[in-house]
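**Student:** Coordinates in structure_30.txt, compact mmCIF, C-alpha atoms, are listed below.
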# COMPACT_ATOMS: atom_id res chain seq x y z
CA MET V 85 20.29 2.39 27.29
CA ASN V 86 21.10 2.16 23.60
CA ALA V 87 19.77 4.38 20.81
CA ILE V 88 16.96 2.00 19.85
CA ASP V 89 15.65 1.88 23.41
CA SER V 90 15.66 5.67 23.58
CA VAL V 91 13.66 5.89 20.33
CA VAL V 92 11.12 3.36 21.63
CA SER V 93 10.72 5.28 24.88
CA ALA V 94 10.36 8.59 23.03
CA VAL V 95 7.66 7.18 20.73
CA THR V 96 5.85 5.59 23.65
CA THR V 97 5.97 8.86 25.60
CA ALA V 98 4.72 10.85 22.60
CA ALA V 99 1.91 8.39 21.98
CA GLY V 100 0.85 8.49 25.62
CA ALA V 101 0.97 12.29 25.85
CA ASN V 102 -0.97 13.05 22.68
CA PRO V 103 -4.67 12.09 22.69
CA ALA V 104 -4.65 12.02 18.88
CA PHE V 105 -2.54 8.86 19.05
CA LYS V 106 -5.10 7.02 21.17
CA ALA V 107 -7.19 4.39 19.43
CA HIS V 108 -10.93 4.90 19.45
CA VAL V 109 -12.47 2.23 21.67
CA PRO V 110 -16.24 1.86 21.38
CA SER V 111 -18.46 0.98 24.32
CA GLY V 112 -18.04 -2.75 23.56
CA GLY V 113 -14.39 -2.49 24.59
CA GLN V 114 -12.94 -3.69 21.29
CA SER V 115 -10.76 -1.61 19.02
CA ALA V 116 -12.62 0.05 16.13
CA GLY V 117 -10.22 -0.60 13.28
CA PRO V 118 -6.57 -0.98 12.48
CA ALA V 119 -3.87 -0.28 15.01
CA PRO V 120 -2.66 3.32 15.21
CA PHE V 121 0.55 4.21 13.41
CA SER V 122 2.35 4.89 16.67
CA ASP V 123 1.74 1.29 17.81
CA LEU V 124 2.99 -0.09 14.50
CA PHE V 125 6.02 2.14 14.61
CA THR V 126 6.82 1.24 18.20
CA ASP V 127 6.52 -2.46 17.42
CA ALA V 128 8.77 -2.13 14.37
CA VAL V 129 11.45 -0.27 16.33
CA GLY V 130 11.17 -2.89 19.07
CA GLN V 131 11.70 -5.66 16.54
CA VAL V 132 14.82 -3.92 15.23
CA GLY V 133 16.11 -3.72 18.79
CA LYS V 134 15.30 -7.39 19.36
CA LEU V 135 17.19 -8.42 16.22
CA GLU V 136 20.15 -6.28 17.28
CA SER V 137 20.18 -7.95 20.70
CA GLU V 138 20.01 -11.41 19.13
CA ALA V 139 22.90 -10.54 16.80
CA HIS V 140 24.95 -9.28 19.74
CA ALA V 141 24.23 -12.47 21.69
CA THR V 142 25.19 -14.77 18.80
CA VAL V 143 28.42 -12.88 18.13
CA SER V 144 29.26 -13.02 21.83
CA GLY V 145 28.52 -16.75 21.80
CA LEU V 146 30.75 -17.20 18.78
CA MET V 147 33.61 -15.30 20.41
CA THR V 148 33.35 -17.18 23.70
CA GLY V 149 32.99 -20.54 21.97
CA THR V 150 29.66 -21.53 23.51
CA GLY V 151 28.48 -23.56 20.55
CA VAL V 152 27.34 -20.80 18.18
CA ASP V 153 28.17 -21.51 14.56
CA VAL V 154 29.77 -18.87 12.34
CA HIS V 155 26.83 -19.16 9.95
CA GLN V 156 24.32 -18.47 12.73
CA ALA V 157 26.24 -15.38 13.79
CA MET V 158 26.46 -14.07 10.23
CA ILE V 159 22.75 -14.67 9.60
CA ALA V 160 21.81 -12.90 12.82
CA THR V 161 24.02 -9.90 12.08
CA GLU V 162 22.70 -9.62 8.52
CA LYS V 163 19.10 -9.77 9.76
CA ALA V 164 19.84 -6.98 12.22
CA SER V 165 21.64 -4.96 9.58
CA MET V 166 18.82 -5.32 7.06
CA ALA V 167 16.19 -4.40 9.66
CA PHE V 168 18.17 -1.31 10.65
CA GLU V 169 18.60 -0.26 7.02
CA MET V 170 14.85 -0.67 6.48
CA ALA V 171 14.12 1.44 9.55
CA ILE V 172 16.44 4.16 8.24
CA ALA V 173 14.73 4.03 4.83
CA VAL V 174 11.29 4.40 6.45
CA ARG V 175 12.57 7.30 8.55
CA ASN V 176 14.01 9.01 5.48
CA LYS V 177 10.70 8.62 3.61
CA ALA V 178 8.77 10.00 6.59
CA VAL V 179 11.09 13.02 6.79
CA GLN V 180 10.78 13.53 3.04
CA ALA V 181 6.98 13.40 3.26
CA TYR V 182 6.99 15.83 6.18
CA GLN V 183 9.21 18.26 4.30
CA SER V 184 6.95 17.95 1.27
CA VAL V 185 3.85 18.79 3.33
CA ILE V 186 5.61 21.69 5.04
CA GLY V 187 6.69 23.05 1.65
CA MET V 188 3.10 23.15 0.33
CA GLN V 189 1.52 26.54 -0.05
CA PHE V 190 -2.15 26.89 0.77
Could you render the structure as structure tokens?
**Tutor:**
Amino acid sequence: MNAIDSVVSAVTTAAGANPAFKAHVPSGGQSAGPAPFSDLFTDAVGQVGKLESEAHATVSGLMTGTGVDVHQAMIATEKASMAFEMAIAVRNKAVQAYQSVIGMQF
């Protein structure tokens, strides 16, 4: 299990354990608004993991000579790298916002 999978499982566990993360579902059975942040976050982390897996597969294909072009491998690795850097930037902003809220005096 890589680090991305462990983050996805931790977010999924936290979302399932905390009733505040549950979406309000009216009696009609349809969701009453936008998706909760935990779902968006889990999907984003999953996409980063998917891009990382695709990059790994293309690099492996390039190294074994199974018809993967150098350009395809470079594009896949750059997509994965950019997605990971964006995830780190979002995490840093979330931590910064948390620290800002914690530092407030009421």
**Student:** Rank nothing, just name the residue among V:Glu162, V:Val179, V:Ala171, V:Met188 nearest to Thr126 (chain V), using all atoms listed in the file.
**Tutor:** V:Ala171
**Student:** Quick one: pull the distance between CA of Val143 (chain V) and CA of Ile159 (chain V), Å, one decimal.
**Tutor:**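 Between CA of Val143 (chain V) and CA of Ile159 (chain V) the gap works out to 10.4 Å.
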**Student:** Take CA of Phe125 (chain V) and CA of Asn176 (chain V) and report the distance between them in Å, one decimal.
**Tutor:**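 Between CA of Phe125 (chain V) and CA of Asn176 (chain V) the gap is 13.9 Å.
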**Student:** Would you compute the distance between CA of Met147 (chain V) and CA of Lys134 (chain V)? Give it in Å to one decimal.
**Tutor:** 20.0 Å
**Student:** Using all atoms of region 152-160 of chain V that appear in the file, construct an axis-aligned enclosing box with 8 Å of padding on every side and provide its centre coordinates and edge lengths in Å, rounded to one decimal, as lines of an AutoDock Vina configuration file.
**Tutor:**
center_x = 25.8
center_y = -17.2
center_z = 13.9
size_x = 24.0
size_y = 24.6
size_z = 24.6
